[in-house]
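Listing of structure_1.json; format and content: JSON, C-alpha atoms and all ligand atoms.
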[["chain", "number", "residue", "atom", "x", "y", "z"],
["A", 1, "MET", "CA", 21.67, 5.95, -18.92],
["A", 2, "ALA", "CA", 24.62, 7.47, -17.06],
["A", 3, "ASP", "CA", 25.26, 11.11, -17.78],
["A", 4, "THR", "CA", 28.84, 11.83, -18.74],
["A", 5, "PRO", "CA", 30.23, 14.45, -16.37],
["A", 6, "SER", "CA", 31.00, 17.53, -18.42],
["A", 7, "ALA", "CA", 34.63, 17.47, -17.25],
["A", 8, "GLN", "CA", 35.07, 14.12, -19.08],
["A", 9, "ARG", "CA", 33.42, 15.15, -22.32],
["A", 10, "PRO", "CA", 35.63, 16.19, -25.22],
["A", 11, "ALA", "CA", 35.14, 19.94, -25.65],
["A", 12, "LEU", "CA", 33.03, 20.76, -28.67],
["A", 13, "PRO", "CA", 34.18, 23.61, -30.89],
["A", 14, "PRO", "CA", 32.04, 26.74, -31.28],
["A", 15, "LEU", "CA", 29.16, 26.18, -33.70],
["A", 16, "ARG", "CA", 30.41, 28.90, -36.03],
["A", 17, "ASP", "CA", 33.67, 26.94, -36.46],
["A", 18, "VAL", "CA", 31.73, 23.70, -37.04],
["A", 19, "ILE", "CA", 29.73, 25.33, -39.82],
["A", 20, "ALA", "CA", 32.86, 26.75, -41.45],
["A", 21, "ARG", "CA", 34.89, 23.52, -41.14],
["A", 22, "HIS", "CA", 32.12, 21.34, -42.60],
["A", 23, "GLY", "CA", 31.17, 23.88, -45.26],
["A", 24, "LEU", "CA", 27.53, 24.08, -44.12],
["A", 25, "ALA", "CA", 26.40, 27.00, -46.27],
["A", 26, "ALA", "CA", 22.74, 27.43, -45.32],
["A", 27, "SER", "CA", 20.26, 25.95, -47.78],
["A", 28, "LYS", "CA", 17.11, 28.01, -48.20],
["A", 29, "ALA", "CA", 15.22, 25.05, -49.64],
["A", 30, "LEU", "CA", 15.86, 23.08, -46.42],
["A", 31, "GLY", "CA", 14.79, 26.02, -44.22],
["A", 32, "GLN", "CA", 18.25, 26.31, -42.69],
["A", 33, "ASN", "CA", 18.46, 29.18, -40.22],
["A", 34, "PHE", "CA", 20.90, 28.06, -37.56],
["A", 35, "LEU", "CA", 21.00, 29.07, -33.91],
["A", 36, "LEU", "CA", 24.54, 29.48, -32.63],
["A", 37, "ASP", "CA", 24.10, 31.10, -29.20],
["A", 38, "GLU", "CA", 24.58, 28.25, -26.72],
["A", 39, "GLN", "CA", 22.95, 30.17, -23.85],
["A", 40, "LEU", "CA", 19.83, 30.77, -25.90],
["A", 41, "LEU", "CA", 19.84, 27.10, -26.93],
["A", 42, "ASP", "CA", 20.11, 25.99, -23.28],
["A", 43, "ARG", "CA", 17.10, 28.20, -22.47],
["A", 44, "ILE", "CA", 15.08, 26.52, -25.24],
["A", 45, "ALA", "CA", 16.11, 23.04, -24.05],
["A", 46, "ALA", "CA", 14.97, 23.98, -20.52],
["A", 47, "ILE", "CA", 11.41, 24.79, -21.64],
["A", 48, "PRO", "CA", 10.05, 21.20, -21.39],
["A", 49, "GLY", "CA", 11.39, 20.87, -17.83],
["A", 50, "PRO", "CA", 13.93, 18.32, -16.56],
["A", 51, "LEU", "CA", 15.15, 16.03, -19.34],
["A", 52, "LYS", "CA", 17.63, 13.87, -17.45],
["A", 53, "ASP", "CA", 17.35, 10.32, -18.91],
["A", 54, "ALA", "CA", 14.12, 11.29, -20.70],
["A", 55, "PRO", "CA", 13.50, 10.22, -24.30],
["A", 56, "ALA", "CA", 13.57, 13.13, -26.74],
["A", 57, "PHE", "CA", 13.11, 13.61, -30.48],
["A", 58, "GLU", "CA", 14.53, 16.42, -32.60],
["A", 59, "VAL", "CA", 13.72, 17.30, -36.20],
["A", 60, "GLY", "CA", 16.52, 18.94, -38.16],
["A", 61, "PRO", "CA", 19.54, 19.06, -35.84],
["A", 62, "GLY", "CA", 21.64, 20.75, -38.58],
["A", 63, "PRO", "CA", 25.11, 21.50, -37.19],
["A", 64, "GLY", "CA", 23.89, 20.39, -33.76],
["A", 65, "GLY", "CA", 23.35, 23.52, -31.67],
["A", 66, "LEU", "CA", 19.99, 22.63, -30.13],
["A", 67, "THR", "CA", 21.10, 18.98, -30.13],
["A", 68, "ARG", "CA", 24.01, 19.81, -27.84],
["A", 69, "ALA", "CA", 21.71, 21.73, -25.49],
["A", 70, "ILE", "CA", 19.21, 18.85, -25.28],
["A", 71, "LEU", "CA", 22.09, 16.44, -24.59],
["A", 72, "ARG", "CA", 23.58, 18.75, -21.94],
["A", 73, "ALA", "CA", 20.19, 18.54, -20.23],
["A", 74, "GLY", "CA", 20.71, 14.77, -20.06],
["A", 75, "ALA", "CA", 18.10, 13.49, -22.56],
["A", 76, "ARG", "CA", 18.38, 10.34, -24.68],
["A", 77, "LEU", "CA", 17.88, 11.88, -28.09],
["A", 78, "VAL", "CA", 16.89, 10.66, -31.53],
["A", 79, "ALA", "CA", 17.45, 13.33, -34.19],
["A", 80, "VAL", "CA", 16.35, 13.20, -37.84],
["A", 81, "GLU", "CA", 18.29, 15.28, -40.36],
["A", 82, "ARG", "CA", 17.62, 15.44, -44.07],
["A", 83, "ASP", "CA", 20.84, 17.20, -45.07],
["A", 84, "ASP", "CA", 23.67, 14.64, -45.27],
["A", 85, "ARG", "CA", 26.24, 17.45, -45.16],
["A", 86, "CYS", "CA", 25.40, 17.83, -41.43],
["A", 87, "LEU", "CA", 26.16, 14.20, -40.55],
["A", 88, "PRO", "CA", 29.93, 14.58, -39.86],
["A", 89, "ALA", "CA", 29.22, 17.47, -37.47],
["A", 90, "LEU", "CA", 26.55, 15.40, -35.73],
["A", 91, "ALA", "CA", 28.97, 12.46, -35.43],
["A", 92, "GLU", "CA", 31.24, 14.74, -33.39],
["A", 93, "VAL", "CA", 28.33, 15.62, -31.09],
["A", 94, "GLN", "CA", 27.58, 11.91, -30.74],
["A", 95, "GLU", "CA", 31.16, 11.27, -29.65],
["A", 96, "ALA", "CA", 30.99, 14.01, -27.05],
["A", 97, "PHE", "CA", 27.84, 12.52, -25.50],
["A", 98, "PRO", "CA", 28.45, 8.76, -25.67],
["A", 99, "GLY", "CA", 25.30, 6.66, -25.81],
["A", 100, "GLN", "CA", 22.95, 9.66, -25.67],
["A", 101, "LEU", "CA", 22.37, 10.48, -29.35],
["A", 102, "ARG", "CA", 21.11, 8.51, -32.34],
["A", 103, "VAL", "CA", 20.98, 10.29, -35.69],
["A", 104, "ILE", "CA", 18.67, 9.19, -38.47],
["A", 105, "ALA", "CA", 19.56, 10.47, -41.93],
["A", 106, "GLY", "CA", 16.26, 11.11, -43.65],
["A", 107, "ASP", "CA", 13.06, 13.08, -44.01],
["A", 108, "ALA", "CA", 11.19, 13.66, -40.74],
["A", 109, "MET", "CA", 7.91, 13.49, -42.66],
["A", 110, "GLN", "CA", 8.67, 9.83, -43.45],
["A", 111, "VAL", "CA", 10.00, 8.78, -40.05],
["A", 112, "ASP", "CA", 7.83, 7.10, -37.42],
["A", 113, "ALA", "CA", 8.82, 9.33, -34.49],
["A", 114, "ARG", "CA", 6.92, 7.21, -31.98],
["A", 115, "ALA", "CA", 8.73, 4.02, -32.99],
["A", 116, "GLU", "CA", 12.12, 5.73, -33.13],
["A", 117, "ALA", "CA", 11.99, 7.95, -30.04],
["A", 118, "GLY", "CA", 9.75, 5.84, -27.82],
["A", 119, "GLU", "CA", 6.76, 6.46, -25.57],
["A", 120, "GLY", "CA", 6.79, 9.65, -23.57],
["A", 121, "ALA", "CA", 9.34, 11.44, -25.73],
["A", 122, "HIS", "CA", 9.69, 15.20, -25.56],
["A", 123, "ILE", "CA", 9.74, 16.62, -29.07],
["A", 124, "ILE", "CA", 12.04, 19.63, -29.34],
["A", 125, "ALA", "CA", 12.93, 21.32, -32.60],
["A", 126, "ASN", "CA", 13.84, 24.49, -34.42],
["A", 127, "LEU", "CA", 11.63, 23.43, -37.29],
["A", 128, "PRO", "CA", 12.31, 24.00, -40.97],
["A", 129, "TYR", "CA", 9.52, 26.39, -42.04],
["A", 130, "ASN", "CA", 8.25, 24.20, -44.90],
["A", 131, "VAL", "CA", 7.40, 21.11, -42.83],
["A", 132, "GLY", "CA", 6.71, 22.68, -39.43],
["A", 133, "THR", "CA", 2.93, 22.90, -39.66],
["A", 134, "PRO", "CA", 2.36, 19.43, -41.22],
["A", 135, "LEU", "CA", 4.57, 17.86, -38.53],
["A", 136, "LEU", "CA", 2.65, 19.65, -35.76],
["A", 137, "VAL", "CA", -0.69, 18.58, -37.23],
["A", 138, "GLY", "CA", 0.60, 14.99, -37.40],
["A", 139, "TRP", "CA", 1.65, 15.00, -33.73],
["A", 140, "LEU", "CA", -1.67, 16.55, -32.70],
["A", 141, "SER", "CA", -3.54, 13.93, -34.71],
["A", 142, "ALA", "CA", -1.85, 10.99, -32.98],
["A", 143, "ASP", "CA", -3.84, 8.32, -31.12],
["A", 144, "TRP", "CA", -5.01, 9.93, -27.89],
["A", 145, "SER", "CA", -6.05, 7.44, -25.26],
["A", 146, "PRO", "CA", -6.28, 9.36, -23.00],
["A", 147, "LEU", "CA", -3.03, 11.12, -23.96],
["A", 148, "PRO", "CA", -0.70, 10.90, -26.97],
["A", 149, "TRP", "CA", 2.59, 9.02, -27.07],
["A", 150, "TRP", "CA", 4.63, 12.21, -26.71],
["A", 151, "SER", "CA", 5.01, 14.15, -23.44],
["A", 152, "SER", "CA", 5.47, 17.67, -24.76],
["A", 153, "LEU", "CA", 6.22, 19.69, -27.88],
["A", 154, "THR", "CA", 8.72, 22.56, -27.77],
["A", 155, "LEU", "CA", 8.84, 23.96, -31.27],
["A", 156, "MET", "CA", 10.32, 27.02, -32.93],
["A", 157, "PHE", "CA", 8.07, 28.47, -35.63],
["A", 158, "GLN", "CA", 7.88, 31.66, -37.61],
["A", 159, "MET", "CA", 5.96, 34.12, -35.42],
["A", 160, "GLU", "CA", 2.90, 34.07, -37.66],
["A", 161, "VAL", "CA", 2.52, 30.30, -37.26],
["A", 162, "ALA", "CA", 3.06, 30.58, -33.48],
["A", 163, "GLU", "CA", 0.27, 33.17, -33.38],
["A", 164, "ARG", "CA", -2.04, 30.85, -35.30],
["A", 165, "ILE", "CA", -1.42, 28.05, -32.77],
["A", 166, "VAL", "CA", -2.22, 30.09, -29.64],
["A", 167, "ALA", "CA", -4.84, 32.46, -31.14],
["A", 168, "LYS", "CA", -8.01, 33.19, -29.20],
["A", 169, "PRO", "CA", -11.52, 33.55, -30.73],
["A", 170, "GLY", "CA", -12.29, 36.89, -32.29],
["A", 171, "THR", "CA", -8.72, 37.45, -33.50],
["A", 172, "ASP", "CA", -7.42, 37.36, -37.07],
["A", 173, "HIS", "CA", -5.11, 34.41, -36.41],
["A", 174, "TYR", "CA", -7.85, 32.22, -34.90],
["A", 175, "GLY", "CA", -8.61, 29.30, -37.21],
["A", 176, "ARG", "CA", -8.26, 25.57, -37.75],
["A", 177, "LEU", "CA", -4.74, 25.35, -36.33],
["A", 178, "ALA", "CA", -5.77, 27.10, -33.09],
["A", 179, "VAL", "CA", -8.78, 24.82, -32.62],
["A", 180, "LEU", "CA", -6.80, 21.65, -33.37],
["A", 181, "SER", "CA", -3.92, 22.74, -31.09],
["A", 182, "GLN", "CA", -6.03, 23.92, -28.20],
["A", 183, "TRP", "CA", -8.59, 21.12, -27.99],
["A", 184, "ARG", "CA", -5.71, 18.71, -27.43],
["A", 185, "SER", "CA", -3.11, 20.75, -25.61],
["A", 186, "ASP", "CA", -2.32, 23.73, -23.50],
["A", 187, "ALA", "CA", -0.36, 25.84, -25.95],
["A", 188, "ARG", "CA", 1.63, 28.95, -25.10],
["A", 189, "VAL", "CA", 4.36, 31.07, -26.61],
["A", 190, "ALA", "CA", 7.29, 30.29, -24.32],
["A", 191, "MET", "CA", 9.85, 32.56, -25.96],
["A", 192, "LYS", "CA", 10.06, 35.11, -28.76],
["A", 193, "VAL", "CA", 13.27, 34.94, -30.74],
["A", 194, "HIS", "CA", 14.56, 37.89, -32.77],
["A", 195, "ARG", "CA", 15.58, 37.22, -36.36],
["A", 196, "SER", "CA", 19.12, 38.38, -35.57],
["A", 197, "ALA", "CA", 19.60, 35.29, -33.37],
["A", 198, "PHE", "CA", 19.71, 33.10, -36.50],
["A", 199, "THR", "CA", 22.43, 32.54, -39.11],
["A", 200, "PRO", "CA", 21.42, 33.57, -41.69],
["A", 201, "PRO", "CA", 18.63, 35.78, -40.24],
["A", 202, "PRO", "CA", 15.20, 34.92, -41.63],
["A", 203, "LYS", "CA", 12.89, 37.72, -42.84],
["A", 204, "VAL", "CA", 10.55, 37.45, -39.86],
["A", 205, "MET", "CA", 10.56, 37.01, -36.08],
["A", 206, "SER", "CA", 10.23, 33.53, -34.59],
["A", 207, "ALA", "CA", 8.78, 32.08, -31.41],
["A", 208, "VAL", "CA", 9.06, 28.88, -29.43],
["A", 209, "VAL", "CA", 5.66, 27.35, -28.71],
["A", 210, "HIS", "CA", 5.29, 24.88, -25.85],
["A", 211, "LEU", "CA", 2.40, 22.42, -26.00],
["A", 212, "THR", "CA", 1.49, 19.97, -23.26],
["A", 213, "PRO", "CA", -1.21, 17.44, -24.07],
["A", 214, "LYS", "CA", -4.49, 17.30, -22.21],
["A", 215, "PRO", "CA", -6.94, 14.40, -22.11],
["A", 216, "ALA", "CA", -9.13, 14.32, -25.19],
["A", 217, "PRO", "CA", -12.77, 15.26, -24.63],
["A", 218, "GLU", "CA", -14.91, 12.11, -24.67],
["A", 219, "GLY", "CA", -16.95, 11.08, -27.67],
["A", 220, "VAL", "CA", -15.36, 13.44, -30.19],
["A", 221, "ALA", "CA", -13.88, 12.02, -33.39],
["A", 222, "LEU", "CA", -11.01, 14.04, -34.80],
["A", 223, "LYS", "CA", -12.35, 13.65, -38.35],
["A", 224, "HIS", "CA", -15.57, 15.45, -37.39],
["A", 225, "LEU", "CA", -13.70, 18.28, -35.71],
["A", 226, "GLU", "CA", -11.59, 18.59, -38.87],
["A", 227, "ARG", "CA", -14.67, 18.62, -41.08],
["A", 228, "VAL", "CA", -16.51, 21.26, -39.13],
["A", 229, "THR", "CA", -13.50, 23.55, -38.77],
["A", 230, "ALA", "CA", -12.57, 23.11, -42.45],
["A", 231, "ALA", "CA", -16.10, 24.08, -43.52],
["A", 232, "ALA", "CA", -16.49, 26.94, -41.02],
["A", 233, "PHE", "CA", -13.06, 28.55, -41.56],
["A", 234, "GLY", "CA", -13.06, 27.75, -45.30],
["A", 235, "GLN", "CA", -15.53, 30.62, -45.56],
["A", 236, "ARG", "CA", -14.61, 32.49, -42.40],
["A", 237, "ARG", "CA", -16.31, 35.79, -43.38],
["A", 238, "LYS", "CA", -19.63, 34.03, -44.00],
["A", 239, "MET", "CA", -22.28, 33.24, -41.40],
["A", 240, "LEU", "CA", -22.26, 29.67, -40.11],
["A", 241, "ARG", "CA", -25.66, 29.02, -41.64],
["A", 242, "GLN", "CA", -23.96, 29.51, -45.02],
["A", 243, "SER", "CA", -20.52, 27.98, -44.38],
["A", 244, "LEU", "CA", -21.87, 24.84, -42.65],
["A", 245, "LYS", "CA", -24.78, 24.34, -45.05],
["A", 246, "GLY", "CA", -23.01, 21.52, -46.93],
["A", 247, "LEU", "CA", -22.02, 19.56, -43.82],
["A", 248, "PRO", "CA", -24.78, 17.08, -42.91],
["A", 249, "GLY", "CA", -26.03, 17.54, -39.35],
["A", 250, "ALA", "CA", -23.95, 20.63, -38.61],
["A", 251, "LEU", "CA", -26.77, 23.19, -38.58],
["A", 252, "ASP", "CA", -28.91, 20.88, -36.42],
["A", 253, "ALA", "CA", -25.98, 20.56, -34.03],
["A", 254, "LEU", "CA", -25.72, 24.36, -33.77],
["A", 255, "ALA", "CA", -29.47, 24.51, -33.03],
["A", 256, "GLN", "CA", -29.14, 21.82, -30.32],
["A", 257, "LEU", "CA", -26.34, 23.80, -28.72],
["A", 258, "GLY", "CA", -28.19, 27.09, -28.96],
["A", 259, "VAL", "CA", -25.45, 28.63, -31.14],
["A", 260, "ASP", "CA", -26.81, 31.40, -33.37],
["A", 261, "PRO", "CA", -26.19, 30.35, -37.02],
["A", 262, "GLN", "CA", -25.76, 34.02, -37.92],
["A", 263, "ARG", "CA", -22.43, 34.01, -36.10],
["A", 264, "ARG", "CA", -19.13, 33.62, -37.94],
["A", 265, "ALA", "CA", -16.58, 30.86, -37.36],
["A", 266, "GLU", "CA", -14.06, 33.13, -35.66],
["A", 267, "THR", "CA", -16.52, 33.94, -32.84],
["A", 268, "LEU", "CA", -16.94, 30.30, -31.73],
["A", 269, "SER", "CA", -14.80, 29.01, -28.88],
["A", 270, "VAL", "CA", -12.75, 25.83, -29.11],
["A", 271, "ALA", "CA", -15.34, 24.22, -26.81],
["A", 272, "ASP", "CA", -18.14, 25.24, -29.23],
["A", 273, "PHE", "CA", -16.37, 23.46, -32.11],
["A", 274, "VAL", "CA", -15.71, 20.42, -29.94],
["A", 275, "ASN", "CA", -19.39, 20.30, -28.95],
["A", 276, "VAL", "CA", -20.52, 20.43, -32.58],
["A", 277, "ALA", "CA", -18.02, 17.67, -33.44],
["A", 278, "ARG", "CA", -19.31, 15.58, -30.51],
["A", 279, "ILE", "CA", -22.87, 15.72, -31.86],
["A", 280, "LEU", "CA", -21.64, 14.85, -35.37],
["A", 281, "SER", "CA", -19.61, 11.95, -33.92],
["A", 282, "ALA", "CA", -22.59, 10.39, -32.14],
["A", 301, "LIG", "C1", 15.81, 25.88, -38.89],
["A", 301, "LIG", "S1", 17.10, 24.70, -39.19],
["A", 301, "LIG", "C2", 17.49, 24.24, -37.54],
["A", 301, "LIG", "C3", 18.89, 23.72, -37.38],
["A", 301, "LIG", "C4", 19.36, 23.52, -35.92],
["A", 301, "LIG", "N1", 18.50, 22.64, -35.20],
["A", 301, "LIG", "C5", 19.45, 24.84, -35.20],
["A", 301, "LIG", "O1", 18.59, 25.10, -34.37],
["A", 301, "LIG", "O2", 20.37, 25.60, -35.50],
["A", 301, "LIG", "C6", 16.13, 23.33, -39.80],
["A", 301, "LIG", "C7", 16.88, 22.02, -40.00],
["A", 301, "LIG", "O3", 15.97, 21.04, -40.48],
["A", 301, "LIG", "C8", 16.55, 20.28, -41.54],
["A", 301, "LIG", "N2", 15.43, 19.77, -42.36],
["A", 301, "LIG", "C9", 14.74, 20.40, -43.33],
["A", 301, "LIG", "N3", 13.74, 19.63, -43.80],
["A", 301, "LIG", "C10", 13.81, 18.48, -43.10],
["A", 301, "LIG", "C11", 13.05, 17.27, -43.11],
["A", 301, "LIG", "N4", 12.02, 17.13, -43.94],
["A", 301, "LIG", "N5", 13.40, 16.29, -42.26],
["A", 301, "LIG", "C12", 14.45, 16.41, -41.42],
["A", 301, "LIG", "N6", 15.20, 17.54, -41.35],
["A", 301, "LIG", "C13", 14.88, 18.55, -42.18],
["A", 301, "LIG", "C14", 17.46, 21.28, -42.22],
["A", 301, "LIG", "O4", 18.45, 20.64, -42.99],
["A", 301, "LIG", "C15", 18.00, 22.05, -41.02],
["A", 301, "LIG", "O5", 19.14, 21.40, -40.50]]

If you took the structure in this file and wrote it as structure tokens, what would it be?
Amino acid sequence: MADTPSAQRPALPPLRDVIARHGLAASKALGQNFLLDEQLLDRIAAIPGPLKDAPAFEVGPGPGGLTRAILRAGARLVAVERDDRCLPALAEVQEAFPGQLRVIAGDAMQVDARAEAGEGAHIIANLPYNVGTPLLVGWLSADWSPLPWWSSLTLMFQMEVAERIVAKPGTDHYGRLAVLSQWRSDARVAMKVHRSAFTPPPKVMSAVVHLTPKPAPEGVALKHLERVTAAAFGQRRKMLRQSLKGLPGALDALAQLGVDPQRRAETLSVADFVNVARILSA
């Protein structure tokens, strides 16, 4: 798709004016904390790398700040917004970037992102806090043969969630989300964002996490990885011989791998969990 030279695009008003004109008082229930600093938004949109003519998918465009930045980078974007009040503002963005943006009015939890955005899409979003983790888990649980349908995830989370995604063994944040994220992707905190950058400011700091998929280890069924991590971290202070007792085959798998059952879940590496799941999958 041809990129519209910026000189030919109608100028878009500042985001603060857009919010005022369309009466977009932030809804707490919808997790609305808007980013209005266009330079910061351009830096976030640059995290996945070049986007010119690439398919992209955004959850919760709101008044369209991050949307504009993704479009300036040249992507072909599908954006899903649940709050109908934002649609007129998004129609203006659509006009400024002809042919580049399609907006779906609805709940991102109900939308088939793969069908809407297409193979190889980059998913980029300042996620509403209440659906951020379930959406991430859904994208990480996609068919993986040998890679998922999406090319990368660039996602703003509350700092605590970001820490749980990138956590290393032996740390308090290490748990199911870290294992699920890291067995399937290289995950890193790409940017920390101070609460004052948002309107209104949330109570806590945020961070943008960048995940790029890696080929799935062979012979490991996701359901077994989920079972073993659920059991092990469900009782994270207990020894594995206790927490995995109810999961058929799990203690034998530890023995086969030479993992001491007196250890606790948080001391096992991602590879250890994957190896247990591989034995259970056989
Ligand atoms: C944190 S705000 C981000 C807004 C904008 N992208 C920005 O960066 O300023 C989250 C956005 O997600 C929208 N939202 C909340 N729940 C949603 C859902 N289930 N599906 C789609 N959008 C949702 C909210 O209405 C809001 O616009």

Check every protein, DNA and RNA residue against ligand LIG 301 (chain A), keep those with an atom at most 7 Å away (counting all atoms listed in the file), and present them as a PyMOL selection string.
chain A and resi 30-36+59-67+80-83+106-109+125-128+131

Selected residue of minimal separation from Gln158 in chain A among A:Ala178, A:Val208, A:Ala113, A:Met191, counting only C-alpha atoms
A:Val208

Nearby residues (only C-alpha atoms) at most 12 Å from Arg227 in chain A, same-chain spacing under 3 positions excluded, as a ChimeraX atom specification
/A:176,180,221-224,230-234,243-244,246-250,273-274,276-278,280-281

What residues have an atom no more than 10 Å from (13.1, 22.5, -22.6) in the file's own frame, counting all atoms listed in the file, and can you write them as number ranges by chain?
A: 41-51, 69-70, 73, 122-124, 152-155, 190, 210

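Minimum atom-to-atom distances from A:Phe157, A:Gln100, A:Asp37, A:Arg85 to Ser196 in chain A were compared using all atoms listed in the file, and the lowest value belongs to A:Asp37.
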
Find the residues near Lys192 in chain A: any atom within 10 Å, counting only C-alpha atoms, skip ones fewer than 4 places away on the same chain, and give them as a VMD selection string.
chain A and resid 156 to 159 162 205 to 209

Pick from A:Tyr129, A:Trp150, A:Trp183, A:Phe97, whichever lies nearest to Pro217 in chain A using only C-alpha atoms:
A:Trp183

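From CA of Arg72 in chain A back to CA of Leu40 in chain A, the distance works out to 13.2 Å.
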
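The residue that comes closest to Pro55 in chain A, out of A:Ala282, A:Ala167, A:Val220, A:Leu101 and on the basis of all atoms listed in the file, is A:Leu101.
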
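Between Trp144 in chain A and the candidates A:His194, A:Lys214, A:Arg68, A:Lys168, the tightest atom-to-atom separation, counting only C-alpha atoms, involves A:Lys214.
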
Option closest in space to Pro88 in chain A, from A:Pro200, A:Pro261, A:Gly23, A:Gly120 [counting all atoms listed in the file]
A:Gly23

Can you pull out every residue within 9 Å of Ala91 in chain A, counting all atoms listed in the file, but drop anything in the same chain fewer than 5 positions away, and send it as a VMD selection string?
chain A and resid 86 96 103

Write out as a PyMOL selection string the residues lying within 12 Å of Asp112 in chain A, counting all atoms listed in the file and excluding same-chain residues fewer than 2 positions away.
chain A and resi 57+59+78-80+104+106-110+114-119+135+138-139+142+149

In Å to one decimal, how far is CA of Glu266 in chain A from CA of Asp172 in chain A?
8.0 Å

One number please: CA of Ser141 in chain A to CA of Asp186 in chain A, in Å, one decimal.
14.9 Å

Axis-aligned box for all listed atoms of range 167-185 of chain A, 8 Å per side, centre and edges in Å to one decimal, as AutoDock Vina command-line options:
--center_x -7.7 --center_y 28.1 --center_z -31.7 --size_x 25.2 --size_y 34.7 --size_z 28.1

Complete the atom set of range 251-263 of chain A to N, CA and C atoms and return it as a compact mmCIF listing (two decimals), keeping the file's coordinate frame.
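File written: result-v1.txt
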# COMPACT_ATOMS: atom_id res chain seq x y z
N LEU A 251 -25.86 22.12 -38.99
CA LEU A 251 -26.77 23.19 -38.58
C LEU A 251 -27.70 22.72 -37.47
N ASP A 252 -28.11 21.44 -37.52
CA ASP A 252 -28.91 20.88 -36.42
C ASP A 252 -28.11 20.90 -35.12
N ALA A 253 -26.83 20.58 -35.23
CA ALA A 253 -25.98 20.56 -34.03
C ALA A 253 -25.91 21.96 -33.43
N LEU A 254 -25.76 22.99 -34.28
CA LEU A 254 -25.72 24.36 -33.77
C LEU A 254 -27.02 24.67 -33.03
N ALA A 255 -28.16 24.24 -33.65
CA ALA A 255 -29.47 24.51 -33.03
C ALA A 255 -29.55 23.82 -31.66
N GLN A 256 -29.12 22.56 -31.60
CA GLN A 256 -29.14 21.82 -30.32
C GLN A 256 -28.33 22.54 -29.25
N LEU A 257 -27.24 23.15 -29.69
CA LEU A 257 -26.34 23.80 -28.72
C LEU A 257 -26.74 25.24 -28.43
N GLY A 258 -27.76 25.71 -29.15
CA GLY A 258 -28.19 27.09 -28.96
C GLY A 258 -27.20 28.11 -29.51
N VAL A 259 -26.41 27.70 -30.53
CA VAL A 259 -25.45 28.63 -31.14
C VAL A 259 -26.15 29.31 -32.33
N ASP A 260 -26.14 30.62 -32.32
CA ASP A 260 -26.81 31.40 -33.37
C ASP A 260 -26.12 31.16 -34.72
N PRO A 261 -26.83 30.64 -35.72
CA PRO A 261 -26.19 30.35 -37.02
C PRO A 261 -25.80 31.62 -37.78
N GLN A 262 -26.19 32.78 -37.25
CA GLN A 262 -25.76 34.02 -37.92
C GLN A 262 -24.35 34.42 -37.50
N ARG A 263 -23.80 33.69 -36.53
CA ARG A 263 -22.43 34.01 -36.10
C ARG A 263 -21.43 33.52 -37.15
